[in-house]
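Asker: Contents of input-v1.txt (compact mmCIF, C-alpha atoms) are below:
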```
# COMPACT_ATOMS: atom_id res chain seq x y z
CA MET D 1132 0.00 0.00 0.00
CA HIS D 1133 2.79 2.40 0.87
CA ARG D 1134 4.46 1.78 -2.47
CA THR D 1135 1.28 2.74 -4.34
CA ARG D 1136 1.04 5.87 -2.27
CA VAL D 1137 4.60 6.90 -3.04
CA ARG D 1138 3.87 6.40 -6.76
CA VAL D 1139 0.76 8.61 -6.57
CA VAL D 1140 2.78 11.31 -4.79
CA GLU D 1141 5.50 11.14 -7.46
CA ASP D 1142 2.94 11.54 -10.24
CA ALA D 1143 1.43 14.55 -8.47
CA LEU D 1144 4.88 16.14 -8.08
CA ASP D 1145 5.67 15.50 -11.77
CA ALA D 1146 2.44 17.24 -12.79
CA ASN D 1147 3.28 20.09 -10.43
CA ASN D 1148 6.74 20.53 -11.93
CA THR D 1149 5.29 20.77 -15.44
CA ILE D 1150 3.04 23.65 -14.38
CA ALA D 1151 5.88 25.25 -12.37
CA ARG D 1152 7.92 25.38 -15.62
CA ALA D 1153 5.04 27.13 -17.38
CA ASN D 1154 4.90 29.70 -14.55
CA ARG D 1155 8.68 30.10 -14.82
CA ALA D 1156 8.41 30.83 -18.54
CA ASP D 1157 5.80 33.54 -17.86
CA PHE D 1158 7.97 35.11 -15.15
CA ASP D 1159 11.03 35.06 -17.45
CA ARG D 1160 9.10 36.67 -20.28
CA GLU D 1161 8.31 39.62 -18.00
CA SER D 1162 11.74 39.59 -16.26
CA VAL D 1163 10.16 39.05 -12.83
CA THR D 1164 12.28 37.53 -10.02
CA VAL D 1165 10.12 35.28 -7.87
CA VAL D 1166 10.64 34.35 -4.24
CA ASN D 1167 8.73 31.53 -2.49
CA PHE D 1168 8.45 32.73 1.11
CA MET D 1169 7.82 29.99 3.67
CA SER D 1170 7.62 29.41 7.44
CA ALA D 1171 5.55 27.92 10.25
CA PRO D 1172 2.37 29.81 11.20
CA GLY D 1173 3.09 33.04 13.04
CA ALA D 1174 6.83 33.17 12.32
CA GLY D 1175 6.44 36.75 11.08
CA LYS D 1176 6.42 36.53 7.26
CA THR D 1177 3.87 39.29 6.71
CA THR D 1178 5.52 41.72 9.13
CA LEU D 1179 8.90 41.03 7.51
CA LEU D 1180 7.33 41.75 4.11
CA GLU D 1181 5.94 45.05 5.39
CA GLN D 1182 9.40 46.02 6.62
CA LEU D 1183 10.97 44.92 3.33
CA VAL D 1184 8.61 46.88 1.11
CA ARG D 1185 8.98 50.05 3.23
CA GLY D 1186 12.78 49.74 3.11
CA LEU D 1187 12.93 49.13 -0.64
CA ASP D 1188 11.47 52.57 -1.17
CA GLY D 1189 10.84 51.94 -4.85
CA ALA D 1190 14.32 50.51 -5.65
CA VAL D 1191 12.51 47.59 -7.29
CA ARG D 1192 8.79 47.26 -7.99
CA VAL D 1193 7.36 44.56 -5.71
CA GLY D 1194 4.20 42.49 -6.04
CA VAL D 1195 2.85 40.00 -3.52
CA LEU D 1196 0.84 36.81 -3.83
CA GLU D 1197 -0.67 35.96 -0.43
CA GLY D 1198 -1.40 32.29 0.23
CA ASP D 1199 -3.73 31.42 3.10
CA VAL D 1200 -6.20 28.66 3.87
CA GLU D 1201 -8.88 31.28 4.54
CA GLY D 1202 -9.24 35.03 4.89
CA SER D 1203 -7.50 38.05 3.41
CA MET D 1204 -6.04 39.64 6.55
CA ASP D 1205 -2.45 39.61 5.30
CA ALA D 1206 -3.38 40.88 1.84
CA ASP D 1207 -5.35 43.70 3.47
CA ARG D 1208 -2.33 44.60 5.62
CA LEU D 1209 0.01 44.72 2.61
CA ALA D 1210 -2.42 46.62 0.37
CA HIS D 1211 -1.80 49.67 2.59
CA LEU D 1212 1.75 49.69 1.26
CA HIS D 1213 0.46 50.48 -2.24
CA VAL D 1214 1.94 47.44 -3.96
CA PRO D 1215 -0.09 44.98 -6.06
CA VAL D 1216 -1.35 42.19 -3.78
CA VAL D 1217 -3.41 39.17 -4.83
CA GLN D 1218 -4.97 36.86 -2.22
CA LEU D 1219 -5.08 33.14 -2.93
CA ASN D 1220 -7.20 31.01 -0.57
CA THR D 1221 -6.60 27.27 -0.61
CA ALA D 1222 -10.03 26.73 0.99
CA GLY D 1223 -11.77 28.15 -2.08
CA GLY D 1224 -11.76 25.46 -4.78
CA PHE D 1225 -8.52 23.84 -3.65
CA GLY D 1226 -9.86 21.68 -0.78
CA GLY D 1227 -8.24 23.62 2.10
CA GLU D 1228 -4.71 22.62 1.11
CA CYS D 1229 -1.87 23.20 3.58
CA HIS D 1230 0.49 24.58 0.91
CA LEU D 1231 0.57 26.39 -2.41
CA ASP D 1232 1.29 24.43 -5.56
CA ALA D 1233 2.18 25.51 -9.10
CA ASN D 1234 -1.43 25.24 -10.33
CA MET D 1235 -2.79 27.49 -7.57
CA VAL D 1236 -0.12 30.09 -8.36
CA ARG D 1237 -0.92 29.75 -12.07
CA SER D 1238 -4.59 30.45 -11.36
CA ALA D 1239 -3.62 33.77 -9.78
CA LEU D 1240 -1.26 34.96 -12.54
CA PRO D 1241 -3.96 36.71 -14.61
CA ASP D 1242 -4.64 38.97 -11.62
CA LEU D 1243 -0.98 39.97 -11.23
CA PRO D 1244 0.43 42.86 -13.30
CA LEU D 1245 3.67 40.99 -14.12
CA ASP D 1246 4.75 43.67 -16.60
CA GLU D 1247 4.68 46.27 -13.81
CA ILE D 1248 6.78 44.44 -11.19
CA ASP D 1249 10.40 43.31 -10.83
CA LEU D 1250 10.07 41.12 -7.74
CA LEU D 1251 7.14 38.86 -6.87
CA VAL D 1252 7.04 37.52 -3.31
CA ILE D 1253 4.76 34.50 -2.91
CA GLU D 1254 3.86 34.15 0.76
CA ASN D 1255 3.09 30.48 1.23
CA VAL D 1256 0.66 28.91 3.72
CA GLY D 1257 2.20 28.72 7.21
CA ASN D 1258 3.53 25.15 7.37
CA LEU D 1259 7.01 23.59 7.74
CA VAL D 1260 6.24 20.39 5.83
CA CYS D 1261 4.38 20.39 2.50
CA PRO D 1262 5.25 23.81 1.02
CA ALA D 1263 8.84 22.55 0.66
CA GLU D 1264 7.67 19.76 -1.68
CA PHE D 1265 5.95 21.92 -4.30
CA ARG D 1266 7.92 24.24 -6.56
CA VAL D 1267 5.79 27.03 -8.00
CA GLY D 1268 8.21 28.45 -10.59
CA GLU D 1269 10.28 30.50 -8.14
CA ASP D 1270 13.90 31.68 -8.49
CA ALA D 1271 14.63 31.45 -4.78
CA ARG D 1272 13.16 30.09 -1.60
CA VAL D 1273 13.37 32.08 1.59
CA MET D 1274 12.31 30.53 4.87
CA VAL D 1275 11.72 32.13 8.24
CA SER D 1276 12.53 30.29 11.46
CA ALA D 1277 11.32 32.26 14.47
CA ILE D 1278 13.66 31.92 17.43
CA THR D 1279 10.57 31.38 19.62
CA GLU D 1280 10.00 28.02 17.90
CA GLY D 1281 13.08 26.56 19.56
CA GLU D 1282 16.45 25.32 18.34
CA ASP D 1283 15.33 21.83 17.25
CA LYS D 1284 13.18 22.70 14.23
CA PRO D 1285 15.86 22.06 11.54
CA LEU D 1286 16.21 18.49 12.82
CA LYS D 1287 12.44 17.90 12.93
CA TYR D 1288 11.58 19.54 9.58
CA PRO D 1289 14.79 18.99 7.60
CA LEU D 1290 13.26 19.09 4.09
CA MET D 1291 12.14 22.72 4.54
CA PHE D 1292 15.55 23.81 5.81
CA ARG D 1293 17.28 21.92 2.99
CA ALA D 1294 14.99 23.28 0.27
CA CYS D 1295 15.61 26.96 1.01
CA ASP D 1296 18.28 29.36 -0.28
CA VAL D 1297 18.40 31.53 2.82
CA VAL D 1298 17.10 31.24 6.40
CA LEU D 1299 15.85 34.32 8.23
CA VAL D 1300 16.08 33.72 11.99
CA ASN D 1301 13.32 36.09 13.10
CA LYS D 1302 12.16 37.56 16.46
CA ILE D 1303 15.79 37.85 17.50
CA ASP D 1304 14.73 40.73 19.78
CA LEU D 1305 13.05 38.16 22.08
CA LEU D 1306 16.24 36.15 22.65
CA PRO D 1307 16.95 37.57 26.16
CA HIS D 1308 13.51 36.37 27.31
CA LEU D 1309 13.76 32.79 25.97
CA ASP D 1310 15.40 29.53 27.01
CA VAL D 1311 16.62 29.08 23.45
CA ASP D 1312 20.25 28.53 22.49
CA LEU D 1313 20.87 30.56 19.31
CA ASP D 1314 24.23 28.91 18.63
CA LYS D 1315 22.55 25.51 18.78
CA LEU D 1316 19.84 26.63 16.32
CA LEU D 1317 22.50 27.91 13.89
CA ALA D 1318 24.47 24.67 14.28
CA ASN D 1319 21.32 22.64 13.59
CA ILE D 1320 20.57 24.69 10.45
CA ASP D 1321 24.14 24.09 9.28
CA ALA D 1322 23.85 20.38 10.05
CA VAL D 1323 20.87 19.86 7.70
CA HIS D 1324 21.91 22.45 5.07
CA PRO D 1325 25.65 23.12 5.27
CA GLY D 1326 26.61 26.63 4.17
CA VAL D 1327 23.11 28.03 3.69
CA PRO D 1328 23.13 31.80 4.42
CA ARG D 1329 21.47 32.66 7.75
CA MET D 1330 20.40 36.17 8.69
CA LEU D 1331 19.39 37.25 12.19
CA VAL D 1332 16.41 39.57 11.84
CA SER D 1333 13.68 41.24 13.85
CA ALA D 1334 10.52 42.30 12.09
CA LYS D 1335 9.78 44.33 15.23
CA THR D 1336 12.98 46.37 15.54
CA GLY D 1337 14.06 46.24 11.89
CA GLU D 1338 17.38 44.55 12.77
CA GLY D 1339 18.82 42.61 9.84
CA ILE D 1340 16.16 43.70 7.33
CA ALA D 1341 18.70 45.70 5.28
CA GLU D 1342 20.88 42.61 4.88
CA TRP D 1343 17.91 40.59 3.64
CA ARG D 1344 16.86 43.43 1.31
CA ASP D 1345 20.35 43.56 -0.20
CA TRP D 1346 20.30 39.79 -0.73
CA LEU D 1347 16.96 40.09 -2.56
CA LEU D 1348 18.19 43.02 -4.66
CA GLU D 1349 21.17 40.90 -5.69
CA GLN D 1350 18.83 38.08 -6.80
CA THR D 1351 16.72 40.57 -8.73
CA ALA D 1352 19.74 42.15 -10.45
CA ARG D 1353 21.06 38.71 -11.39
CA ALA D 1354 17.74 37.76 -13.00
CA GLY D 1355 17.66 41.05 -14.90
CA ALA D 1356 21.24 40.72 -16.22
CA PRO D 1357 21.73 39.55 -19.83
CA ALA D 1358 22.17 35.75 -19.97
CA MET J 269 -10.85 18.58 -11.75
CA HIS J 270 -11.53 20.08 -8.34
CA ARG J 271 -14.66 17.99 -7.93
CA THR J 272 -12.69 14.76 -8.53
CA ARG J 273 -10.15 15.89 -5.98
CA VAL J 274 -12.78 16.57 -3.34
CA ARG J 275 -14.20 13.07 -3.95
CA VAL J 276 -10.77 11.47 -3.50
CA VAL J 277 -10.29 13.40 -0.25
CA GLU J 278 -13.72 12.29 1.01
CA ASP J 279 -12.91 8.64 0.29
CA ALA J 280 -9.60 8.97 2.14
CA LEU J 281 -11.35 10.53 5.15
CA ASP J 282 -14.00 7.74 5.14
CA ALA J 283 -11.25 5.11 5.18
CA ASN J 284 -9.52 7.02 7.98
CA ASN J 285 -12.69 7.13 10.08
CA THR J 286 -13.14 3.36 9.76
CA ILE J 287 -9.65 2.77 11.17
CA ALA J 288 -10.19 5.47 13.83
CA ARG J 289 -13.23 3.49 15.06
CA ALA J 290 -11.09 0.35 15.32
CA ASN J 291 -8.52 2.29 17.38
CA ARG J 292 -11.36 3.65 19.53
CA ALA J 293 -12.60 0.11 20.23
CA ASP J 294 -9.10 -0.94 21.35
CA PHE J 295 -8.80 2.11 23.63
CA ASP J 296 -12.26 1.43 25.13
CA ARG J 297 -11.41 -2.21 25.78
CA GLU J 298 -8.43 -1.11 27.89
CA SER J 299 -10.23 1.94 29.40
CA VAL J 300 -7.66 4.35 28.02
CA THR J 301 -8.60 8.01 27.55
CA VAL J 302 -6.91 9.40 24.46
CA VAL J 303 -6.00 13.00 23.71
CA ASN J 304 -4.95 14.23 20.26
CA PHE J 305 -2.50 17.06 21.01
CA MET J 306 -2.01 19.55 18.19
CA SER J 307 -0.32 22.89 17.40
CA ALA J 308 1.93 24.73 14.99
CA PRO J 309 5.65 23.83 15.08
CA GLY J 310 7.38 25.16 18.18
CA ALA J 311 4.23 26.13 20.11
CA GLY J 312 5.50 24.19 23.12
CA LYS J 313 3.61 20.87 23.10
CA THR J 314 6.51 18.75 24.36
CA THR J 315 7.44 21.15 27.17
CA LEU J 316 3.79 21.31 28.22
CA LEU J 317 3.71 17.51 28.28
CA GLU J 318 6.82 17.42 30.46
CA GLN J 319 5.16 19.83 32.90
CA LEU J 320 1.93 17.83 32.82
CA VAL J 321 3.55 14.46 33.53
CA ARG J 322 5.64 15.89 36.38
CA GLY J 323 2.53 17.50 37.92
CA LEU J 324 0.37 14.39 37.62
CA ASP J 325 2.74 12.65 40.00
CA GLY J 326 1.21 9.25 39.30
CA ALA J 327 -2.46 10.34 39.72
CA VAL J 328 -3.11 8.65 36.39
CA ARG J 329 -0.75 6.48 34.39
CA VAL J 330 0.27 8.36 31.22
CA GLY J 331 1.61 7.08 27.92
CA VAL J 332 2.77 9.18 24.98
CA LEU J 333 2.77 8.62 21.24
CA GLU J 334 5.16 11.10 19.61
CA GLY J 335 4.43 12.04 16.00
CA ASP J 336 7.19 13.74 14.00
CA VAL J 337 8.24 13.85 10.37
CA GLU J 338 11.75 12.78 11.39
CA GLY J 339 13.82 12.20 14.49
CA SER J 340 13.12 11.10 18.03
CA MET J 341 14.19 14.22 19.98
CA ASP J 342 10.83 14.70 21.70
CA ALA J 343 10.45 11.02 22.55
CA ASP J 344 13.95 11.04 24.03
CA ARG J 345 13.05 14.09 26.16
CA LEU J 346 9.90 12.44 27.49
CA ALA J 347 11.51 9.06 28.13
CA HIS J 348 13.42 10.71 30.99
CA LEU J 349 10.08 11.09 32.76
CA HIS J 350 9.77 7.30 33.00
CA VAL J 351 6.48 7.00 31.11
CA PRO J 352 5.99 4.72 28.09
CA VAL J 353 6.80 6.71 24.92
CA VAL J 354 6.57 5.45 21.36
CA GLN J 355 8.00 7.47 18.46
CA LEU J 356 6.11 7.50 15.15
CA ASN J 357 7.92 9.07 12.18
CA THR J 358 5.82 9.99 9.17
CA ALA J 359 8.96 10.00 6.99
CA GLY J 360 9.47 6.27 7.56
CA GLY J 361 7.02 4.41 5.32
CA PHE J 362 4.36 7.13 5.38
CA GLY J 363 5.79 9.48 2.71
CA GLY J 364 6.75 12.34 5.05
CA GLU J 365 3.14 13.21 5.88
CA CYS J 366 2.40 16.52 7.62
CA HIS J 367 -0.07 14.93 10.08
CA LEU J 368 -0.90 11.70 11.87
CA ASP J 369 -3.80 9.62 10.62
CA ALA J 370 -5.68 6.69 12.15
CA ASN J 371 -3.63 4.10 10.27
CA MET J 372 -0.30 5.50 11.48
CA VAL J 373 -1.57 5.48 15.07
CA ARG J 374 -2.86 1.93 14.57
CA SER J 375 0.58 0.81 13.40
CA ALA J 376 2.03 2.01 16.72
CA LEU J 377 -0.56 0.38 19.02
CA PRO J 378 1.28 -2.96 19.37
CA ASP J 379 4.20 -1.03 20.90
CA LEU J 380 2.02 0.71 23.49
CA PRO J 381 1.23 -1.03 26.80
CA LEU J 382 -2.45 0.03 26.72
CA ASP J 383 -3.27 -2.18 29.71
CA GLU J 384 -0.78 -0.25 31.83
CA ILE J 385 -1.93 3.31 31.10
CA ASP J 386 -5.03 5.42 31.79
CA LEU J 387 -4.28 8.40 29.58
CA LEU J 388 -2.61 8.32 26.17
CA VAL J 389 -1.43 11.64 24.76
CA ILE J 390 -0.82 11.57 21.01
CA GLU J 391 1.46 14.47 20.11
CA ASN J 392 0.66 15.24 16.48
CA VAL J 393 3.03 16.67 13.84
CA GLY J 394 3.41 20.46 14.25
CA ASN J 395 0.91 21.85 11.72
CA LEU J 396 -2.24 23.98 11.98
CA VAL J 397 -3.96 22.55 8.89
CA CYS J 398 -4.12 18.83 8.15
CA PRO J 399 -3.99 17.26 11.64
CA ALA J 400 -7.47 18.74 12.25
CA GLU J 401 -8.89 16.70 9.36
CA PHE J 402 -7.86 13.24 10.56
CA ARG J 403 -9.43 11.67 13.64
CA VAL J 404 -7.25 8.95 15.15
CA GLY J 405 -9.71 7.45 17.67
CA GLU J 406 -9.26 10.13 20.35
CA ASP J 407 -11.67 11.19 23.12
CA ALA J 408 -10.60 14.81 23.08
CA ARG J 409 -8.55 17.22 21.04
CA VAL J 410 -6.32 19.74 22.73
CA MET J 411 -4.64 22.46 20.72
CA VAL J 412 -1.89 24.88 21.69
CA SER J 413 -1.79 28.39 20.30
CA ALA J 414 1.41 30.16 21.33
CA ILE J 415 0.86 33.85 22.00
CA THR J 416 4.03 34.53 19.96
CA GLU J 417 2.20 33.39 16.81
CA GLY J 418 -0.02 36.47 16.90
CA GLU J 419 -3.71 37.10 17.46
CA ASP J 420 -4.89 36.33 13.92
CA LYS J 421 -4.29 32.55 13.82
CA PRO J 422 -7.89 31.46 14.63
CA LEU J 423 -9.12 33.41 11.59
CA LYS J 424 -6.45 31.98 9.29
CA TYR J 425 -6.65 28.35 10.49
CA PRO J 426 -10.29 28.10 11.61
CA LEU J 427 -10.72 24.34 11.15
CA MET J 428 -8.07 23.56 13.78
CA PHE J 429 -9.59 25.97 16.30
CA ARG J 430 -13.09 24.60 15.58
CA ALA J 431 -12.02 20.94 15.82
CA CYS J 432 -10.53 21.17 19.32
CA ASP J 433 -12.15 20.77 22.75
CA VAL J 434 -9.84 23.14 24.59
CA VAL J 435 -7.27 25.76 23.53
CA LEU J 436 -4.10 26.26 25.58
CA VAL J 437 -2.76 29.77 24.98
CA ASN J 438 0.91 29.12 25.71
CA LYS J 439 4.03 31.28 26.29
CA ILE J 440 1.87 33.73 28.22
CA ASP J 441 5.02 34.74 30.15
CA LEU J 442 6.27 36.50 26.99
CA LEU J 443 3.21 38.78 26.69
CA PRO J 444 4.96 41.89 28.12
CA HIS J 445 7.60 41.63 25.38
CA LEU J 446 5.22 41.24 22.42
CA ASP J 447 3.03 43.50 20.28
CA VAL J 448 0.22 40.96 20.61
CA ASP J 449 -3.26 41.81 21.89
CA LEU J 450 -4.35 38.90 24.13
CA ASP J 451 -7.97 40.08 24.27
CA LYS J 452 -8.10 40.11 20.49
CA LEU J 453 -6.70 36.57 20.32
CA LEU J 454 -9.32 35.34 22.81
CA ALA J 455 -12.06 37.13 20.87
CA ASN J 456 -10.86 35.55 17.62
CA ILE J 457 -10.88 32.07 19.22
CA ASP J 458 -14.42 32.72 20.43
CA ALA J 459 -15.46 33.95 17.00
CA VAL J 460 -14.51 30.70 15.24
CA HIS J 461 -15.41 28.33 18.13
CA PRO J 462 -17.89 30.03 20.48
CA GLY J 463 -17.62 28.81 24.07
CA VAL J 464 -14.54 26.59 23.67
CA PRO J 465 -12.58 26.56 26.97
CA ARG J 466 -9.35 28.60 26.78
CA MET J 467 -6.56 28.30 29.33
CA LEU J 468 -3.66 30.74 29.63
CA VAL J 469 -0.54 28.70 30.30
CA SER J 470 3.22 28.95 30.37
CA ALA J 471 5.28 25.83 29.89
CA LYS J 472 8.21 27.88 31.17
CA THR J 473 6.80 29.16 34.48
CA GLY J 474 4.19 26.46 35.04
CA GLU J 475 1.33 28.99 35.07
CA GLY J 476 -2.02 27.41 34.20
CA ILE J 477 -0.69 23.84 34.01
CA ALA J 478 -2.73 22.78 37.07
CA GLU J 479 -5.95 23.94 35.39
CA TRP J 480 -5.13 21.94 32.27
CA ARG J 481 -4.19 18.91 34.37
CA ASP J 482 -7.52 19.07 36.22
CA TRP J 483 -9.38 19.29 32.89
CA LEU J 484 -7.55 16.17 31.67
CA LEU J 485 -8.19 14.30 34.93
CA GLU J 486 -11.90 15.09 34.51
CA GLN J 487 -11.86 13.63 30.98
CA THR J 488 -10.07 10.53 32.28
CA ALA J 489 -12.51 10.05 35.18
CA ARG J 490 -15.46 10.43 32.83
CA ALA J 491 -14.09 7.76 30.48
CA GLY J 492 -13.49 5.42 33.44
CA ALA J 493 -16.99 5.87 34.91
CA PRO J 494 -19.55 3.11 34.28
CA ALA J 495 -21.64 3.88 31.19
```
Mind converting the file's structure to structure tokens?
Answerer:
Amino acid sequence: MHRTRVRVVEDALDANNTIARANRADFDRESVTVVNFMSAPGAGKTTLLEQLVRGLDGAVRVGVLEGDVEGSMDADRLAHLHVPVVQLNTAGGFGGECHLDANMVRSALPDLPLDEIDLLVIENVGNLVCPAEFRVGEDARVMVSAITEGEDKPLKYPLMFRACDVVLVNKIDLLPHLDVDLDKLLANIDAVHPGVPRMLVSAKTGEGIAEWRDWLLEQTARAGAPA
Amino acid sequence: MHRTRVRVVEDALDANNTIARANRADFDRESVTVVNFMSAPGAGKTTLLEQLVRGLDGAVRVGVLEGDVEGSMDADRLAHLHVPVVQLNTAGGFGGECHLDANMVRSALPDLPLDEIDLLVIENVGNLVCPAEFRVGEDARVMVSAITEGEDKPLKYPLMFRACDVVLVNKIDLLPHLDVDLDKLLANIDAVHPGVPRMLVSAKTGEGIAEWRDWLLEQTARAGAPA
């Protein structure tokens, strides 16, 4: 029975990759750099995005695709920043899925003004397991690990930490109030994904946001450079 | 296409419920009260369990089934408390699932000394979406919402908050250091699940653990009472 299940999962991932390539072609045509932004629920993705967009100050034109099971709270928050935001609910037509996949993202593309943006941030559903399995046509994957979640998460959710191109260790301002060993967390990240860049950030105080912004600008410039 | 998908999901949930009833019959035969313990990653389930077991001080005999994608860190932590602990990894034979289902729990039952325990706590995979969809044969569902995750989680993950019988609002000791509105969180919980008991707890300081323990003891006594 388990073998059949694995086969079904592989077929689903193959189908997903085909659609992810179609998304990729659309993004390339419009020279849009795409980031798949992932974390556990409540790790601070939306607040980090608010900080990012404010700090970019028009240096690149940003658009956001907000993935949530239900509701449009995060999209409403980001709309105040005057960037194009499209809400995608996995509960509406997608069976309440715990992640975004390439087809869901594709369904939202007609609502995104790709020709008017340079950087598209796709905020995935809060979940440390399944989002890591589904590519959506992105250039880079950024994950957030809030320090409040403890130092053991890389060992318990290794696929997510392995799949990403950078780890933002968020809520670093709370460190003095926690029984969490930051060095141990960083060592655990390095154990499952040796050499992956880690940035210590605080969406609350703004610490580390500039470093992340510069990393994103570098990705965007690279995508815009002649091949 | 979406309609076919919904049908497949319904069939899977029907099959799950059949196995959950078989688990339930086994638990009833041995008079074991079973709690399905759920939260986002890093909300503090394992630390709360450590506090609970220490505080029970033998009042009821506890066993733990630890669900994780990979690793046995939590099971190792709990084994020090000298209660029976069985680790269940969803990455081993179950395709890296983001939740426990009735069949996974069933596969672990032979390793659990059901005749020697009164209360079985099943610690689910850290995830606010899919664990709520799969019953495993439990009497009650307890969820943890860490205050650090923000006040909006009930609105973004309503199924989980609706599916549970009690909500532990954990990490309450950190409230003075956060921009989180506790009253708003409690109002949001009440909006999606009117009347559900909420307990403010801190796995760190021990605040509120006695209230939760008494609630569990009441569930256990009820299950043990003659029908």
Asker: Kindly provide the residues of chain J that approach chain D to within 7 Å, each paired with its closest atom pair and their distance in Å to one decimal, based on all atoms listed in the file, listed by chain and increasing number, as a Markdown table.
Answerer:
```
| residue | atom | partner | partner_atom | distance |
| --- | --- | --- | --- | --- |
| J:His270 | CA | D:Gly1224 | CA | 6.5 |
| J:Val274 | CA | D:Gly1226 | CA | 6.4 |
| J:Ala308 | CA | D:Pro1172 | CA | 6.4 |
| J:Pro309 | CA | D:Ala1171 | CA | 6.3 |
| J:Gly310 | CA | D:Glu1280 | CA | 3.9 |
| J:Ala311 | CA | D:Glu1280 | CA | 6.5 |
| J:Asp336 | CA | D:Lys1287 | CA | 6.8 |
| J:Val337 | CA | D:Lys1287 | CA | 6.4 |
| J:Glu338 | CA | D:Lys1287 | CA | 5.4 |
| J:Gly339 | CA | D:Lys1287 | CA | 6.1 |
| J:Gly361 | CA | D:His1133 | CA | 6.5 |
| J:Phe362 | CA | D:His1133 | CA | 6.7 |
| J:Gly363 | CA | D:Val1137 | CA | 6.4 |
| J:Cys366 | CA | D:Val1260 | CA | 5.7 |
| J:Asn395 | CA | D:Asn1258 | CA | 6.1 |
| J:Val397 | CA | D:Cys1229 | CA | 5.7 |
| J:Cys398 | CA | D:Cys1229 | CA | 6.7 |
| J:Glu417 | CA | D:Gly1173 | CA | 3.9 |
| J:Gly418 | CA | D:Gly1173 | CA | 6.0 |
| J:Leu423 | CA | D:Gly1202 | CA | 6.9 |
| J:Lys424 | CA | D:Glu1201 | CA | 5.4 |
| J:Tyr425 | CA | D:Val1200 | CA | 6.6 |
```
Asker: Under the rule that only C-alpha atoms are counted, which of D:Cys1295, D:Leu1196, D:Ala1271, D:Leu1212 is the nearest residue to Pro1241 in chain D?
Answerer: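 Answer, going by the shortest atom-to-atom distance: D:Leu1196.
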Asker: How many Å separate CA of Asn1301 in chain D from CA of His1324 in chain D?
Answerer: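 Taking CA of Asn1301 in chain D and CA of His1324 in chain D, their separation equals 18.0 Å.
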Asker: Between CA of Asn371 in chain J and CA of Gly405 in chain J, what is the spacing in Å?
Answerer: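 Rounded to one decimal, the two atoms are 10.1 Å apart.
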Asker: Pick from D:Leu1183, D:Val1217, D:Ala1294, D:Ala1239: nearest to Asn1154 in chain D, with all atoms listed in the file counted?
Answerer: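 Comparing D:Leu1183, D:Val1217, D:Ala1294, D:Ala1239 against Asn1154 in chain D, the winner is D:Ala1239.
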Asker: Please provide the set of residues having any atom within 10 Å of Leu1347 in chain D, restricted to all atoms listed in the file, with same-chain residues fewer than 5 positions apart removed, written as a list in words.
Answerer: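 In the requested format, the answer is Thr1164, Val1165, Val1166, Leu1183, Val1191, Leu1250, Ala1271, Val1273, Ala1341, Glu1342, Ala1352 and Arg1353 of chain D.
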Asker: Can you work out which one of J:Asn392, J:Val330, J:Arg297, J:Val434 has the shortest atom-to-atom distance to Arg466 in chain J, counting all atoms listed in the file?
Answerer: J:Val434
Asker: Neighbours of Val1195 in chain D within 7 Å (only C-alpha atoms; same-chain residues fewer than 4 positions away dropped), as a ChimeraX atom specification?
Answerer: /D:1215-1217,1251-1253
Asker: How many Å lie between CA of Gly360 in chain J and CA of Val373 in chain J, rounded to one decimal?
Answerer: 13.4 Å
